[in-house]
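*Asks:* For reference, this is start_23.txt, and it has compact mmCIF, C-alpha atoms.
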```txt
# COMPACT_ATOMS: atom_id res chain seq x y z
CA MET O 11 103.94 121.94 113.82
CA GLU O 12 105.27 124.58 116.24
CA ALA O 13 101.74 125.71 117.07
CA MET O 14 100.73 122.10 117.76
CA GLN O 15 103.72 121.64 120.08
CA LEU O 16 102.81 124.83 121.97
CA GLN O 17 99.23 123.60 122.35
CA GLU O 18 100.46 120.24 123.66
CA ALA O 19 102.72 121.98 126.19
CA ALA O 20 99.85 124.19 127.34
CA ASP O 21 97.57 121.18 127.69
CA LYS O 22 100.15 119.32 129.78
CA LEU O 23 100.92 122.26 132.07
CA SER O 24 97.27 123.06 132.72
CA LEU O 25 95.94 119.55 133.31
CA PRO O 26 95.56 119.80 137.12
CA ALA O 27 94.04 123.28 136.81
CA ARG O 28 91.56 122.06 134.21
CA LEU O 29 90.55 119.14 136.39
CA ALA O 30 90.09 121.51 139.33
CA LYS O 31 87.81 123.70 137.21
CA LEU O 32 85.62 120.72 136.35
CA ARG O 33 85.53 119.61 139.98
CA GLU O 34 84.37 123.07 141.02
CA ALA O 35 81.55 122.85 138.48
CA CYS O 36 80.58 119.44 139.89
CA GLN O 37 80.36 120.88 143.40
CA GLN O 38 78.11 123.70 142.21
CA ASN O 39 75.76 121.34 140.38
CA PRO O 40 76.44 117.81 141.65
CA MET O 41 73.23 116.25 140.33
CA PRO O 42 72.25 117.52 136.84
CA SER O 43 68.56 117.08 136.19
CA LEU O 44 67.01 114.71 133.68
CA SER O 45 66.12 117.66 131.43
CA GLU O 46 69.72 118.95 131.48
CA ARG O 47 71.15 115.57 130.52
CA ARG O 48 68.58 115.03 127.78
CA ALA O 49 69.20 118.51 126.37
CA HIS O 50 72.95 117.88 126.17
CA LEU O 51 72.42 114.54 124.45
CA SER O 52 70.01 116.08 121.93
CA GLN O 53 72.43 118.91 121.18
CA LEU O 54 75.29 116.45 120.79
CA LYS O 55 73.25 114.36 118.34
CA ARG O 56 72.39 117.41 116.23
CA ALA O 57 76.01 118.57 116.23
CA LEU O 58 77.24 115.10 115.26
CA ILE O 59 74.84 114.86 112.33
CA ALA O 60 75.75 118.39 111.23
CA HIS O 61 79.47 117.52 111.29
CA LYS O 62 79.21 114.08 109.71
CA GLN O 63 80.79 115.06 106.38
CA PRO O 64 83.60 117.16 107.93
CA LEU O 65 84.34 114.20 110.20
CA CYS O 66 84.44 111.79 107.25
CA ASP O 67 86.75 114.15 105.35
CA ALA O 68 89.03 114.57 108.37
CA LEU O 69 89.23 110.82 108.98
CA ALA O 70 90.22 110.27 105.34
CA LYS O 71 93.01 112.84 105.74
CA ASP O 72 94.29 111.30 108.96
CA TYR O 73 94.33 107.77 107.54
CA GLY O 74 95.57 108.67 104.06
CA GLN O 75 92.36 107.12 102.75
CA ARG O 76 89.17 105.96 104.38
CA SER O 77 85.82 105.61 102.69
CA ASP O 78 82.89 107.64 103.93
CA TYR O 79 81.03 104.34 104.27
CA ASP O 80 83.58 103.02 106.78
CA SER O 81 83.52 106.26 108.77
CA MET O 82 79.73 106.42 108.84
CA ILE O 83 79.14 102.80 109.80
CA ALA O 84 82.06 102.42 112.24
CA ASP O 85 82.35 105.85 113.88
CA ILE O 86 79.36 108.13 113.41
CA LEU O 87 76.30 105.86 113.24
CA PRO O 88 77.14 103.98 116.48
CA CYS O 89 77.21 107.30 118.37
CA VAL O 90 73.84 108.38 116.98
CA MET O 91 72.35 105.00 117.87
CA GLN O 92 73.84 105.15 121.36
CA ILE O 93 72.25 108.56 121.96
CA ASN O 94 68.88 107.24 120.78
CA TYR O 95 69.21 104.20 123.04
CA THR O 96 70.22 106.33 126.01
CA GLN O 97 67.44 108.90 125.56
CA LYS O 98 64.81 106.15 125.74
CA ARG O 99 66.19 104.68 128.96
CA ILE O 100 67.82 107.48 130.92
CA LYS O 101 64.73 108.28 132.99
CA ARG O 102 64.50 104.69 134.17
CA TRP O 103 68.25 104.56 134.83
CA MET O 104 68.04 107.63 137.09
CA ARG O 105 65.10 106.28 139.10
CA PRO O 106 65.88 104.82 142.58
CA HIS O 107 65.79 101.02 142.66
CA ARG O 108 64.38 99.09 145.59
CA ARG O 109 66.27 96.22 147.20
CA HIS O 110 65.04 93.43 149.46
CA THR O 111 65.90 94.12 153.10
CA GLY O 112 65.90 90.59 154.46
CA LEU O 113 64.59 89.53 157.84
CA LEU O 114 67.34 91.18 159.89
CA LEU O 115 66.49 94.67 158.60
CA ALA O 116 62.70 94.30 158.45
CA PRO O 117 60.59 96.42 158.32
CA ALA O 118 63.14 98.86 156.87
CA ARG O 119 62.97 99.97 153.26
CA VAL O 120 66.15 99.94 151.15
CA GLU O 121 66.65 101.88 147.93
CA VAL O 122 69.66 102.53 145.72
CA PHE O 123 70.03 106.12 144.53
CA TYR O 124 72.26 106.59 141.48
CA GLN O 125 74.52 109.63 141.66
CA PRO O 126 77.12 111.07 139.25
CA LEU O 127 80.74 110.15 139.97
CA GLY O 128 82.12 113.60 139.18
CA VAL O 129 84.82 114.06 136.54
CA VAL O 130 85.50 111.21 134.10
CA GLY O 131 88.75 110.98 132.11
CA ILE O 132 88.59 109.40 128.64
CA ILE O 133 91.75 108.37 126.76
CA VAL O 134 90.89 107.94 123.08
CA PRO O 135 92.78 105.69 120.61
CA TRP O 136 93.45 106.53 116.98
CA ASN O 137 91.61 103.69 115.25
CA PHE O 138 88.04 104.90 116.05
CA PRO O 139 88.57 108.48 117.22
CA VAL O 140 84.93 109.52 116.96
CA MET O 141 83.14 106.48 118.33
CA LEU O 142 85.68 105.92 121.13
CA SER O 143 85.58 109.55 122.24
CA LEU O 144 81.89 110.40 121.89
CA GLY O 145 80.66 106.94 122.90
CA PRO O 146 82.13 107.06 126.44
CA LEU O 147 81.23 110.76 126.62
CA ILE O 148 77.56 109.97 125.93
CA SER O 149 77.52 107.56 128.87
CA ALA O 150 79.34 110.03 131.12
CA ILE O 151 76.91 112.86 130.31
CA ALA O 152 73.89 110.58 130.72
CA ALA O 153 75.15 109.71 134.21
CA GLY O 154 75.49 113.40 135.09
CA ASN O 155 79.28 113.66 134.97
CA ARG O 156 81.78 116.15 133.58
CA ALA O 157 84.51 114.81 131.31
CA MET O 158 88.05 115.39 130.06
CA LEU O 159 88.99 113.76 126.75
CA LYS O 160 92.58 113.03 125.74
CA LEU O 161 92.48 112.69 121.96
CA SER O 162 95.07 110.78 119.97
CA GLU O 163 97.99 112.71 118.50
CA PHE O 164 97.70 110.54 115.37
CA THR O 165 94.34 112.02 114.29
CA PRO O 166 94.95 115.81 114.22
CA HIS O 167 92.42 116.59 111.48
CA THR O 168 89.67 114.64 113.22
CA ASN O 169 90.59 116.24 116.54
CA ARG O 170 90.02 119.71 115.12
CA VAL O 171 86.52 118.80 113.98
CA LEU O 172 85.76 117.12 117.30
CA ARG O 173 86.89 120.24 119.18
CA GLU O 174 84.61 122.41 117.06
CA LEU O 175 81.72 119.98 117.52
CA LEU O 176 82.09 119.73 121.30
CA ASP O 177 82.70 123.46 121.79
CA GLY O 178 79.34 124.08 120.17
CA VAL O 179 77.55 121.82 122.67
CA PHE O 180 79.43 122.10 125.97
CA ASP O 181 81.27 124.85 127.79
CA GLU O 182 84.66 124.35 129.44
CA ARG O 183 83.03 123.66 132.80
CA GLU O 184 81.34 120.57 131.33
CA VAL O 185 83.68 118.96 128.78
CA MET O 186 87.35 119.67 128.08
CA VAL O 187 89.45 118.36 125.21
CA ILE O 188 93.18 117.67 125.59
CA GLU O 189 95.66 116.85 122.82
CA GLY O 190 99.29 115.82 122.96
CA ASP O 191 101.79 113.01 122.64
CA ALA O 192 102.56 110.06 124.91
CA GLN O 193 103.98 112.36 127.60
CA VAL O 194 100.72 114.28 127.79
CA ALA O 195 98.81 110.99 127.92
CA ALA O 196 101.04 109.79 130.77
CA ALA O 197 100.40 113.01 132.72
CA PHE O 198 96.68 112.68 131.99
CA SER O 199 96.68 109.15 133.43
CA THR O 200 98.07 110.37 136.76
CA LEU O 201 95.24 112.84 137.40
CA PRO O 202 92.89 111.89 140.28
CA PHE O 203 89.76 111.42 138.19
CA ASP O 204 86.61 109.97 139.70
CA HIS O 205 86.78 107.40 136.90
CA LEU O 206 89.18 106.84 134.00
CA LEU O 207 88.42 105.02 130.75
CA PHE O 208 91.16 103.78 128.42
CA THR O 209 90.82 101.99 125.11
CA GLY O 210 93.98 100.62 123.50
CA SER O 211 96.65 97.96 123.72
CA THR O 212 97.26 95.66 126.66
CA ALA O 213 100.80 96.98 127.06
CA VAL O 214 99.69 100.60 127.35
CA GLY O 215 96.74 99.55 129.51
CA ARG O 216 99.20 98.25 132.11
CA LEU O 217 100.97 101.63 132.12
CA VAL O 218 97.66 103.47 132.53
CA MET O 219 96.70 101.22 135.43
CA ALA O 220 100.08 101.78 137.10
CA ALA O 221 99.77 105.56 136.67
CA ALA O 222 96.25 105.60 138.12
CA ALA O 223 97.03 103.30 141.06
CA PRO O 224 98.60 105.90 143.42
CA GLN O 225 95.37 107.94 143.25
CA LEU O 226 93.20 104.81 143.54
CA THR O 227 91.40 106.00 140.41
CA PRO O 228 88.68 103.54 139.35
CA LEU O 229 89.42 102.24 135.85
CA THR O 230 87.65 100.82 132.85
CA LEU O 231 90.15 99.23 130.45
CA GLU O 232 88.99 98.09 127.00
CA LEU O 233 92.09 96.36 125.66
CA GLY O 234 92.81 94.79 122.30
CA GLY O 235 93.26 91.06 121.91
CA LYS O 236 92.81 88.07 119.69
CA SER O 237 89.45 87.20 118.09
CA PRO O 238 89.55 83.59 116.92
CA CYS O 239 87.05 82.71 114.23
CA LEU O 240 85.57 79.21 114.40
CA ILE O 241 83.83 77.64 111.41
CA ALA O 242 81.15 75.12 112.35
CA PRO O 243 80.73 71.96 110.23
CA ASP O 244 77.33 73.09 108.90
CA MET O 245 78.64 76.52 107.73
CA PRO O 246 79.20 76.87 103.95
CA LEU O 247 82.91 77.57 103.57
CA ALA O 248 82.50 80.18 100.80
CA LEU O 249 80.04 82.19 102.89
CA ALA O 250 82.28 81.93 105.97
CA VAL O 251 85.28 83.22 104.01
CA GLU O 252 83.24 86.11 102.58
CA ARG O 253 82.11 87.19 106.04
CA MET O 254 85.57 86.83 107.55
CA ILE O 255 87.08 88.97 104.80
CA PHE O 256 84.49 91.67 105.46
CA GLY O 257 85.20 91.59 109.19
CA LYS O 258 88.95 91.59 108.66
CA SER O 259 88.80 94.46 106.17
CA LEU O 260 86.63 96.80 108.25
CA ASN O 261 88.77 99.80 109.18
CA ALA O 262 91.72 98.11 107.45
CA GLY O 263 91.71 95.47 110.16
CA GLN O 264 92.41 98.01 112.92
CA ILE O 265 89.64 96.83 115.22
CA CYS O 266 89.74 94.61 118.28
CA VAL O 267 87.18 92.18 116.85
CA ALA O 268 88.91 91.62 113.49
CA PRO O 269 88.67 87.83 113.06
CA ASP O 270 91.82 85.72 113.21
```
Translate this file's structure into structure tokens.
*Replies:*
Amino acid sequence: MEAMQLQEAADKLSLPARLAKLREACQQNPMPSLSERRAHLSQLKRALIAHKQPLCDALAKDYGQRSDYDSMIADILPCVMQINYTQKRIKRWMRPHRRHTGLLLAPARVEVFYQPLGVVGIIVPWNFPVMLSLGPLISAIAAGNRAMLKLSEFTPHTNRVLRELLDGVFDEREVMVIEGDAQVAAAFSTLPFDHLLFTGSTAVGRLVMAAAAPQLTPLTLELGGKSPCLIAPDMPLALAVERMIFGKSLNAGQICVAPD
């Protein structure tokens, strides 16, 4: 416990310095090539598959009990599928896109060139610590960005495996992992990222938005809410109940789309 507290304190104290290190790396290589991005995604996929059982074991320890089936289908498989999806489309995504000029600008030619933002901050919740850390990271890397991940303090076993996994793929000038309690998360939210992603409750989302506002940090907030389940007249009731129970039971109901 003491070692964990020391690590949290170190993470909190060094947050601005770590961000500065990533920014420096962005300035030295502001536009990673297609081959660099694809190589990172391929390495991440191999590392994820190699660590699938340690991740399942760690998730079971953090939750007290979680089946390997739940961890595979809800955390690990979505990341593998996202990498596959991204690899097939990243070349097209990076290509400049033409736009119509209109009569006032004729005969000019207008194109949109897609450039990396820089350093992306990712605040990860506890309910899907693999999918909601690696998923946003996959998108950030595909877009040519660096990233800082703030992992949940409620998943320490999973965090250790994720650190090992990511350290084997990226160096500290590409991806950094931060751990700590709510105070560390609050300090993380105040950093002047080029973009900040948060997944969690609406109440905490408001705090994150308020912390990011003085820096005018662009935000993506994926906040929990209600998911009403409507049963149409032509739906067999027994089948509807079976499907609702499955949806409600996935991850012990700790998912934003659990049906109400």
*Asks:* Could you build a table of the residues in stretch 229-250 of chain O lying no more than 12 Å from stretch 134-141 of chain O, giving for each the nearest pair of atoms and their separation in Å rounded to one decimal place, using only C-alpha atoms, ordered by chain and ascending residue number, as CSV?
*Replies:*
```
residue,atom,partner,partner_atom,distance
O:Leu231,CA,O:Val134,CA,11.4
O:Glu232,CA,O:Pro135,CA,10.6
O:Leu233,CA,O:Pro135,CA,10.6
O:Gly234,CA,O:Pro135,CA,11.0
```
*Asks:* For O:Ala157, which residue out of O:Glu174, O:Leu29, O:Tyr95, O:Ile100 is the nearest one, using all atoms listed in the file?
*Replies:* O:Leu29
*Asks:* Atom CA of O:Ser199 and atom CA of O:Ile151, how far apart in Å?
*Replies:*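 Computing the Euclidean distance for atom CA of O:Ile151 and atom CA of O:Ser199 yields 20.4 Å.
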*Asks:* Which residues are close to O:Val214, i.e. within 12 Å by all atoms listed in the file, leaving aside same-chain residues fewer than 2 positions away? Reply as a ChimeraX atom specification.
*Replies:* /O:133,135,192,195-196,199,208-212,216-221,231-234
*Asks:* Got a sec: who's within 10 Å of O:Ala49, counting only C-alpha atoms, leaving out chain neighbours fewer than 5 positions off, as JSON, numbers by chain?
*Replies:* {"O": [43, 44, 54, 55, 97, 179]}
*Asks:* Could those selected residues go to a file with C-alpha atoms, as a short mmCIF file (atom, residue, chain, number, x, y, z; two decimals), in the coordinates of the input?
*Replies:*
```
data_model
loop_
_atom_site.label_atom_id
_atom_site.label_comp_id
_atom_site.auth_asym_id
_atom_site.auth_seq_id
_atom_site.Cartn_x
_atom_site.Cartn_y
_atom_site.Cartn_z
CA SER O 43 68.56 117.08 136.19
CA LEU O 44 67.01 114.71 133.68
CA LEU O 54 75.29 116.45 120.79
CA LYS O 55 73.25 114.36 118.34
CA GLN O 97 67.44 108.90 125.56
CA VAL O 179 77.55 121.82 122.67
#
```
*Asks:* From the options O:Phe164, O:Leu58, O:Glu46, O:Met41, which residue's atoms come nearest to O:Asp177, counting only C-alpha atoms?
*Replies:*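 Ranking O:Phe164, O:Leu58, O:Glu46, O:Met41 by distance to O:Asp177, first place goes to O:Leu58.
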*Asks:* Please provide the set of residues having any atom within 8 Å of O:Pro202, restricted to all atoms listed in the file, with same-chain residues fewer than 3 positions apart removed, written as a PyMOL selection string.
*Replies:* chain O and resi 222+225-227
*Asks:* Between O:Leu127, O:Ala57, O:Cys89, O:Met254, single out the one closest to O:Ser143, counting only C-alpha atoms.
*Replies:*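 Nearest candidate to O:Ser143 out of O:Leu127, O:Ala57, O:Cys89, O:Met254: O:Cys89.
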*Asks:* From the options O:Lys236, O:Met245, O:Val194, O:His107, which residue's atoms come nearest to O:Arg119, counting all atoms listed in the file?
*Replies:*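 Using all atoms listed in the file, O:Arg119 sits closest to O:His107.
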*Asks:* Which residue gives the smallest distance to O:Arg183 among O:Met104, O:Val129, O:Ile255, O:Ala153, with only C-alpha atoms counted?
*Replies:*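 Answer, going by the shortest atom-to-atom distance: O:Val129.
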*Asks:* For O:Arg28, which residue out of O:Met82, O:Met186, O:Ala150, O:Leu113 is the nearest one, using only C-alpha atoms?
*Replies:*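 Of O:Met82, O:Met186, O:Ala150, O:Leu113, the one nearest O:Arg28 is O:Met186, counting only C-alpha atoms.
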*Asks:* Quick one: distance from atom CA of O:Leu229 to atom CA of O:Ala30 in Å, one decimal?
*Replies:*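 One can read the atom CA of O:Leu229 to atom CA of O:Ala30 distance as 19.6 Å.
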*Asks:* Tell me which residues come within 12 Å of (71.0, 117.6, 119.3), as an NGL selection string, counting all atoms listed in the file in the file's coordinates.
*Replies:* :O and (47-61 or 90 or 93-94 or 97 or 175-176 or 178-180)
*Asks:* Just how far from atom CA of O:Ser259 is atom CA of O:Asp72, in Å to one decimal?
*Replies:* 17.9 Å
*Asks:* Extract, using all atoms listed in the file, all DNA, RNA and protein residues at most 10 Å from O:Ile241, discarding same-chain residues fewer than 6 positions from it, and format them as a PyMOL selection string.
*Replies:* chain O and resi 247+250-251
